[in-house]
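Below is one structure, written out as structure tokens; the observations come after it.
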Amino acid sequence: MNTLPESILLHAQSLVEGGILAPKEFLHMGSRAAVDQAFSRLAKEGKLLRVARGTYVAPVAGRHGTRAPTPDKVVKAMAEQNGEMVTPHGANAANLLGLTKQVPTSSVYLTSGRTRKLKLGHAEISMKHAPHWMLALGSSPAGAAVRALAWIGPTHAGKALTALRRTLPSSEWHALTTTRAMLPSWMAQAIGRESARG
């Protein structure tokens, strides 16, 4: 029969990259203190990475040793576990949509959950609580456009919308224009102006 640490590791290795482990899942195998101690020891040995309090992931084995899972995969797994909506930050969205050449250097995500920081190896991931309107269209291109516009701000929104109207598929442009009622006034006005230009 496997020891507690062996059982935890076996479970960790059965998960997809970025899959989340929590000590609570193993309380049927030992006391809280024993489970916490096993997780702590596995993290010290580098066999698990502590992402946040009570949240761990397994490192990914590759040709050149092990590495931390990609932030996207960890954030997605956490969102699923907590029933949150999580999307990339507006700066990422603006970059993906070709509205800026700036490449964000830090990993920042917007979430319907609480604001918090995660540690992933040497990298830090920020999850910032966002208002409902920023997440309403999800991870669709129209949703990315809303977050990009929020990041760009009112001053340059008109220019950005002219570009978006050319690049977004018509169904996504339609989704963007039909959600104006829930957007901030300046953004709704800018979208309305661009739509009215025919």
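Each chain of the structure tokens is named A, B, ... in the order shown, its residues numbered from 1; ligands are numbered from 1 in display order.
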Do a neighbour search on A:Ala196 at 12 Å with only C-alpha atoms, toss out local chain neighbours closer than 4 positions, and write the hits as a PDB file with all heavy atoms, in the first residue's frame.
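Writing done, so here's out_26.pdb:
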ATOM      1  N   THR A 162     -12.354  51.817 -34.625  1.00  0.00           N
ATOM      2  CA  THR A 162     -12.260  51.819 -36.088  1.00  0.00           C
ATOM      3  C   THR A 162     -11.481  50.581 -36.540  1.00  0.00           C
ATOM      4  O   THR A 162     -11.873  49.879 -37.477  1.00  0.00           O
ATOM      5  CB  THR A 162     -11.571  53.110 -36.584  1.00  0.00           C
ATOM      6  OG1 THR A 162     -12.320  54.217 -36.076  1.00  0.00           O
ATOM      7  CG2 THR A 162     -11.522  53.183 -38.097  1.00  0.00           C
ATOM      8  N   ARG A 165     -13.557  47.330 -35.821  1.00  0.00           N
ATOM      9  CA  ARG A 165     -14.653  47.115 -36.760  1.00  0.00           C
ATOM     10  C   ARG A 165     -14.148  46.441 -38.042  1.00  0.00           C
ATOM     11  O   ARG A 165     -14.851  45.647 -38.663  1.00  0.00           O
ATOM     12  CB  ARG A 165     -15.323  48.449 -37.103  1.00  0.00           C
ATOM     13  CG  ARG A 165     -16.619  48.230 -37.848  1.00  0.00           C
ATOM     14  CD  ARG A 165     -17.422  49.476 -37.878  1.00  0.00           C
ATOM     15  NE  ARG A 165     -18.680  49.235 -38.548  1.00  0.00           N
ATOM     16  CZ  ARG A 165     -19.491  50.178 -38.932  1.00  0.00           C
ATOM     17  NH1 ARG A 165     -19.179  51.432 -38.693  1.00  0.00           N
ATOM     18  NH2 ARG A 165     -20.602  49.900 -39.528  1.00  0.00           N
ATOM     19  N   THR A 177     -21.802  45.529 -30.117  1.00  0.00           N
ATOM     20  CA  THR A 177     -22.750  46.652 -30.187  1.00  0.00           C
ATOM     21  C   THR A 177     -24.024  46.385 -29.400  1.00  0.00           C
ATOM     22  O   THR A 177     -24.627  47.305 -28.865  1.00  0.00           O
ATOM     23  CB  THR A 177     -23.112  46.996 -31.652  1.00  0.00           C
ATOM     24  OG1 THR A 177     -23.666  45.844 -32.276  1.00  0.00           O
ATOM     25  CG2 THR A 177     -21.905  47.478 -32.432  1.00  0.00           C
ATOM     26  N   GLN A 189     -20.920  55.062 -25.821  1.00  0.00           N
ATOM     27  CA  GLN A 189     -20.975  56.190 -26.775  1.00  0.00           C
ATOM     28  C   GLN A 189     -19.998  55.975 -27.928  1.00  0.00           C
ATOM     29  O   GLN A 189     -20.342  56.183 -29.094  1.00  0.00           O
ATOM     30  CB  GLN A 189     -20.631  57.509 -26.069  1.00  0.00           C
ATOM     31  CG  GLN A 189     -21.773  58.057 -25.234  1.00  0.00           C
ATOM     32  CD  GLN A 189     -21.320  59.260 -24.420  1.00  0.00           C
ATOM     33  OE1 GLN A 189     -20.148  59.422 -24.100  1.00  0.00           O
ATOM     34  NE2 GLN A 189     -22.265  60.108 -24.065  1.00  0.00           N
ATOM     35  N   ALA A 190     -18.800  55.557 -27.595  1.00  0.00           N
ATOM     36  CA  ALA A 190     -17.761  55.357 -28.637  1.00  0.00           C
ATOM     37  C   ALA A 190     -18.179  54.252 -29.601  1.00  0.00           C
ATOM     38  O   ALA A 190     -18.012  54.372 -30.822  1.00  0.00           O
ATOM     39  CB  ALA A 190     -16.412  55.024 -27.983  1.00  0.00           C
ATOM     40  N   ILE A 191     -18.751  53.161 -29.060  1.00  0.00           N
ATOM     41  CA  ILE A 191     -19.210  52.048 -29.910  1.00  0.00           C
ATOM     42  C   ILE A 191     -20.385  52.538 -30.780  1.00  0.00           C
ATOM     43  O   ILE A 191     -20.439  52.247 -31.976  1.00  0.00           O
ATOM     44  CB  ILE A 191     -19.615  50.817 -29.067  1.00  0.00           C
ATOM     45  CG1 ILE A 191     -18.377  50.220 -28.371  1.00  0.00           C
ATOM     46  CG2 ILE A 191     -20.298  49.756 -29.928  1.00  0.00           C
ATOM     47  CD1 ILE A 191     -18.689  49.197 -27.289  1.00  0.00           C
ATOM     48  N   GLY A 192     -21.286  53.305 -30.172  1.00  0.00           N
ATOM     49  CA  GLY A 192     -22.433  53.848 -30.906  1.00  0.00           C
ATOM     50  C   GLY A 192     -21.995  54.749 -32.042  1.00  0.00           C
ATOM     51  O   GLY A 192     -22.518  54.674 -33.170  1.00  0.00           O
TER      52      GLY A 192
END
Report task. As a VMD selection string, list the residues of stretch 23-125 of chain A assigned to strand (DSSP E) by DSSP on the backbone atoms of this structure. Result -> chain A and resid 49 to 52 55 to 57 60 to 62 65 to 67 86 to 88 107 to 111 116 to 120 123 to 125
Query raised in the report: Within 9 Å of stretch 41-46 of chain A, counting only C-alpha atoms, which residues qualify if same-chain residues fewer than 3 places away don't, as a list in words?
Result: Pro5, Ile8, Leu9, Asp36, Gln37, Ala38, Leu49, Arg50, Tyr56, Ala58 and Pro59 of chain A
Query raised in the report: Which one of A:Arg197, A:Lys119, A:His132, A:Lys159 sits closest to A:Leu183 if you count only C-alpha atoms?
Result: A:His132
Query raised in the report: A:Val108: which residues within 9 Å, counting only C-alpha atoms, same-chain residues fewer than 6 positions away excluded, as a PyMOL selection string?
Result: chain A and resi 88-89+91-92+124-128
Any chance you could export the current selection's N, CA, C and O atoms as a PDB file, in the first residue's frame?
ATOM      1  N   PRO A  88      -7.969  36.857 -19.737  1.00  0.00           N
ATOM      2  CA  PRO A  88      -6.739  37.656 -19.738  1.00  0.00           C
ATOM      3  C   PRO A  88      -7.062  39.139 -19.503  1.00  0.00           C
ATOM      4  O   PRO A  88      -8.168  39.593 -19.787  1.00  0.00           O
ATOM      5  N   HIS A  89      -6.106  39.859 -19.004  1.00  0.00           N
ATOM      6  CA  HIS A  89      -6.203  41.294 -18.725  1.00  0.00           C
ATOM      7  C   HIS A  89      -6.379  42.076 -20.031  1.00  0.00           C
ATOM      8  O   HIS A  89      -6.048  41.585 -21.108  1.00  0.00           O
ATOM      9  N   ALA A  91      -4.678  44.498 -21.292  1.00  0.00           N
ATOM     10  CA  ALA A  91      -3.430  44.717 -22.037  1.00  0.00           C
ATOM     11  C   ALA A  91      -3.153  43.519 -22.945  1.00  0.00           C
ATOM     12  O   ALA A  91      -2.737  43.683 -24.096  1.00  0.00           O
ATOM     13  N   ASN A  92      -3.391  42.304 -22.430  1.00  0.00           N
ATOM     14  CA  ASN A  92      -3.220  41.093 -23.248  1.00  0.00           C
ATOM     15  C   ASN A  92      -4.218  41.098 -24.405  1.00  0.00           C
ATOM     16  O   ASN A  92      -3.883  40.755 -25.536  1.00  0.00           O
ATOM     17  N   GLU A 124       5.074  35.333 -10.621  1.00  0.00           N
ATOM     18  CA  GLU A 124       3.905  35.695  -9.828  1.00  0.00           C
ATOM     19  C   GLU A 124       2.754  35.992 -10.780  1.00  0.00           C
ATOM     20  O   GLU A 124       2.951  36.628 -11.809  1.00  0.00           O
ATOM     21  N   ILE A 125       1.590  35.481 -10.451  1.00  0.00           N
ATOM     22  CA  ILE A 125       0.398  35.703 -11.264  1.00  0.00           C
ATOM     23  C   ILE A 125      -0.562  36.542 -10.442  1.00  0.00           C
ATOM     24  O   ILE A 125      -0.812  36.237  -9.275  1.00  0.00           O
ATOM     25  N   SER A 126      -1.091  37.603 -11.050  1.00  0.00           N
ATOM     26  CA  SER A 126      -2.096  38.422 -10.362  1.00  0.00           C
ATOM     27  C   SER A 126      -3.462  38.105 -10.925  1.00  0.00           C
ATOM     28  O   SER A 126      -3.644  38.068 -12.142  1.00  0.00           O
ATOM     29  N   MET A 127      -4.397  37.874 -10.032  1.00  0.00           N
ATOM     30  CA  MET A 127      -5.800  37.702 -10.426  1.00  0.00           C
ATOM     31  C   MET A 127      -6.553  38.865  -9.802  1.00  0.00           C
ATOM     32  O   MET A 127      -6.595  39.006  -8.588  1.00  0.00           O
ATOM     33  N   LYS A 128      -7.095  39.732 -10.667  1.00  0.00           N
ATOM     34  CA  LYS A 128      -7.762  40.939 -10.171  1.00  0.00           C
ATOM     35  C   LYS A 128      -9.267  40.831 -10.382  1.00  0.00           C
ATOM     36  O   LYS A 128      -9.716  40.490 -11.479  1.00  0.00           O
TER      37      LYS A 128
END
Report summary line: From atom CA of A:Glu172 to atom CA of A:Ser140 the spacing works out at 7.8 Å
Query raised in the report: Leaving out A:Leu168 and any residue of its chain fewer than 2 positions from it, which residues lie within 9 Å of it when counting only C-alpha atoms, given as a PyMOL selection string?
Result: chain A and resi 97+141-142+145+163-166+170-173
Please, could you write that set of residues out with N, CA and C atoms as a PDB file, in the first residue's frame?
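This went into result_20.pdb:
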ATOM      1  N   LEU A  97      -5.520  41.501 -30.138  1.00  0.00           N
ATOM      2  CA  LEU A  97      -6.369  42.083 -31.181  1.00  0.00           C
ATOM      3  C   LEU A  97      -5.599  43.030 -32.109  1.00  0.00           C
ATOM      4  N   PRO A 141     -13.963  36.992 -28.915  1.00  0.00           N
ATOM      5  CA  PRO A 141     -13.281  38.200 -29.417  1.00  0.00           C
ATOM      6  C   PRO A 141     -13.986  39.496 -28.987  1.00  0.00           C
ATOM      7  N   ALA A 142     -15.328  39.478 -28.936  1.00  0.00           N
ATOM      8  CA  ALA A 142     -16.056  40.678 -28.492  1.00  0.00           C
ATOM      9  C   ALA A 142     -15.743  40.980 -27.028  1.00  0.00           C
ATOM     10  N   ALA A 145     -12.444  42.513 -26.882  1.00  0.00           N
ATOM     11  CA  ALA A 145     -12.544  43.909 -27.331  1.00  0.00           C
ATOM     12  C   ALA A 145     -12.981  44.814 -26.182  1.00  0.00           C
ATOM     13  N   ALA A 163     -10.393  50.293 -35.829  1.00  0.00           N
ATOM     14  CA  ALA A 163      -9.584  49.105 -36.153  1.00  0.00           C
ATOM     15  C   ALA A 163     -10.362  47.825 -35.853  1.00  0.00           C
ATOM     16  N   LEU A 164     -11.048  47.790 -34.705  1.00  0.00           N
ATOM     17  CA  LEU A 164     -11.809  46.596 -34.330  1.00  0.00           C
ATOM     18  C   LEU A 164     -12.918  46.293 -35.332  1.00  0.00           C
ATOM     19  N   ARG A 165     -13.557  47.330 -35.821  1.00  0.00           N
ATOM     20  CA  ARG A 165     -14.653  47.115 -36.760  1.00  0.00           C
ATOM     21  C   ARG A 165     -14.148  46.441 -38.042  1.00  0.00           C
ATOM     22  N   ARG A 166     -12.906  46.756 -38.412  1.00  0.00           N
ATOM     23  CA  ARG A 166     -12.305  46.122 -39.601  1.00  0.00           C
ATOM     24  C   ARG A 166     -11.894  44.671 -39.318  1.00  0.00           C
ATOM     25  N   SER A 170     -18.142  39.884 -38.254  1.00  0.00           N
ATOM     26  CA  SER A 170     -19.366  40.680 -38.090  1.00  0.00           C
ATOM     27  C   SER A 170     -20.216  40.207 -36.918  1.00  0.00           C
ATOM     28  N   SER A 171     -20.225  38.899 -36.640  1.00  0.00           N
ATOM     29  CA  SER A 171     -21.017  38.386 -35.506  1.00  0.00           C
ATOM     30  C   SER A 171     -20.462  38.917 -34.173  1.00  0.00           C
ATOM     31  N   GLU A 172     -19.134  39.074 -34.092  1.00  0.00           N
ATOM     32  CA  GLU A 172     -18.505  39.580 -32.870  1.00  0.00           C
ATOM     33  C   GLU A 172     -18.741  41.090 -32.734  1.00  0.00           C
ATOM     34  N   TRP A 173     -18.685  41.796 -33.859  1.00  0.00           N
ATOM     35  CA  TRP A 173     -18.977  43.238 -33.826  1.00  0.00           C
ATOM     36  C   TRP A 173     -20.423  43.448 -33.366  1.00  0.00           C
TER      37      TRP A 173
END
A:Met78 surroundings by only C-alpha atoms, 12 Å radius, close-in-sequence under 5 positions cut, as a PDB file with C-alpha atoms, in the first residue's frame:
ATOM      1  CA  GLY A  18      -1.857  22.879 -14.295  1.00  0.00           C
ATOM      2  CA  GLY A  19      -4.306  20.590 -12.467  1.00  0.00           C
ATOM      3  CA  ILE A  20      -4.930  21.729  -8.892  1.00  0.00           C
ATOM      4  CA  LEU A  21      -4.378  19.661  -5.753  1.00  0.00           C
ATOM      5  CA  ALA A  22      -5.701  20.609  -2.335  1.00  0.00           C
ATOM      6  CA  VAL A  51       0.597  28.156  -5.800  1.00  0.00           C
ATOM      7  CA  ALA A  52      -1.419  29.668  -2.947  1.00  0.00           C
ATOM      8  CA  GLY A  54      -4.005  25.160   0.280  1.00  0.00           C
ATOM      9  CA  THR A  55      -3.401  25.008  -3.495  1.00  0.00           C
ATOM     10  CA  TYR A  56      -0.658  23.001  -5.181  1.00  0.00           C
ATOM     11  CA  VAL A  57       0.281  21.903  -8.710  1.00  0.00           C
ATOM     12  CA  PRO A  71       0.054  30.261 -15.968  1.00  0.00           C
ATOM     13  CA  ASP A  72      -2.908  29.930 -18.379  1.00  0.00           C
ATOM     14  CA  LYS A  73      -3.423  26.272 -17.470  1.00  0.00           C
ATOM     15  CA  GLY A  83     -16.636  28.308 -10.399  1.00  0.00           C
ATOM     16  CA  GLU A  84     -15.116  31.639 -11.454  1.00  0.00           C
ATOM     17  CA  MET A  85     -14.975  33.380 -14.793  1.00  0.00           C
ATOM     18  CA  VAL A  86     -11.346  34.244 -15.612  1.00  0.00           C
ATOM     19  CA  TYR A 109      -5.890  37.926 -15.249  1.00  0.00           C
ATOM     20  CA  THR A 111     -11.656  37.261 -12.405  1.00  0.00           C
ATOM     21  CA  GLY A 113     -13.685  35.962  -7.857  1.00  0.00           C
ATOM     22  CA  ARG A 116      -5.283  37.483  -5.162  1.00  0.00           C
ATOM     23  CA  LEU A 118      -0.464  33.199  -7.052  1.00  0.00           C
ATOM     24  CA  MET A 127      -5.800  37.702 -10.426  1.00  0.00           C
TER      25      MET A 127
END
**Report entry** All alpha helix (DSSP H) positions in stretch 59-161 of chain A, as a ChimeraX atom specification
**Finding:** /A:71-82,90-96,132-135,141-152,154-161
Query - Exercise: stretch 65-69 of chain A partners within 6 Å, only C-alpha atoms, chain neighbours under 2 positions left out, as a PyMOL selection string - result: chain A and resi 17-18+59-63+121
Keeping only N, CA and C atoms, take the residues you just selected and write them out as a short mmCIF file (atom, residue, chain, number, x, y, z; two decimals), in the first residue's frame.
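Generated file (again-v1.cif):
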data_model
loop_
_atom_site.label_atom_id
_atom_site.label_comp_id
_atom_site.auth_asym_id
_atom_site.auth_seq_id
_atom_site.Cartn_x
_atom_site.Cartn_y
_atom_site.Cartn_z
N GLU A 17 -1.69 19.06 -17.12
CA GLU A 17 -0.81 20.18 -16.75
C GLU A 17 -1.63 21.32 -16.14
N GLY A 18 -1.17 21.78 -14.97
CA GLY A 18 -1.86 22.88 -14.30
C GLY A 18 -2.98 22.42 -13.38
N PRO A 59 4.91 20.00 -10.90
CA PRO A 59 5.77 20.53 -11.97
C PRO A 59 5.67 19.62 -13.20
N VAL A 60 6.00 20.16 -14.35
CA VAL A 60 5.91 19.41 -15.60
C VAL A 60 7.31 18.93 -15.97
N ALA A 61 7.43 17.62 -16.22
CA ALA A 61 8.73 17.05 -16.61
C ALA A 61 8.93 17.23 -18.10
N GLY A 62 10.13 17.69 -18.46
CA GLY A 62 10.45 17.88 -19.88
C GLY A 62 11.83 17.34 -20.18
N ARG A 63 12.28 17.55 -21.39
CA ARG A 63 13.61 17.06 -21.78
C ARG A 63 14.72 17.71 -20.97
N GLY A 121 6.42 28.81 -9.37
CA GLY A 121 7.88 28.78 -9.50
C GLY A 121 8.40 30.14 -9.11
#
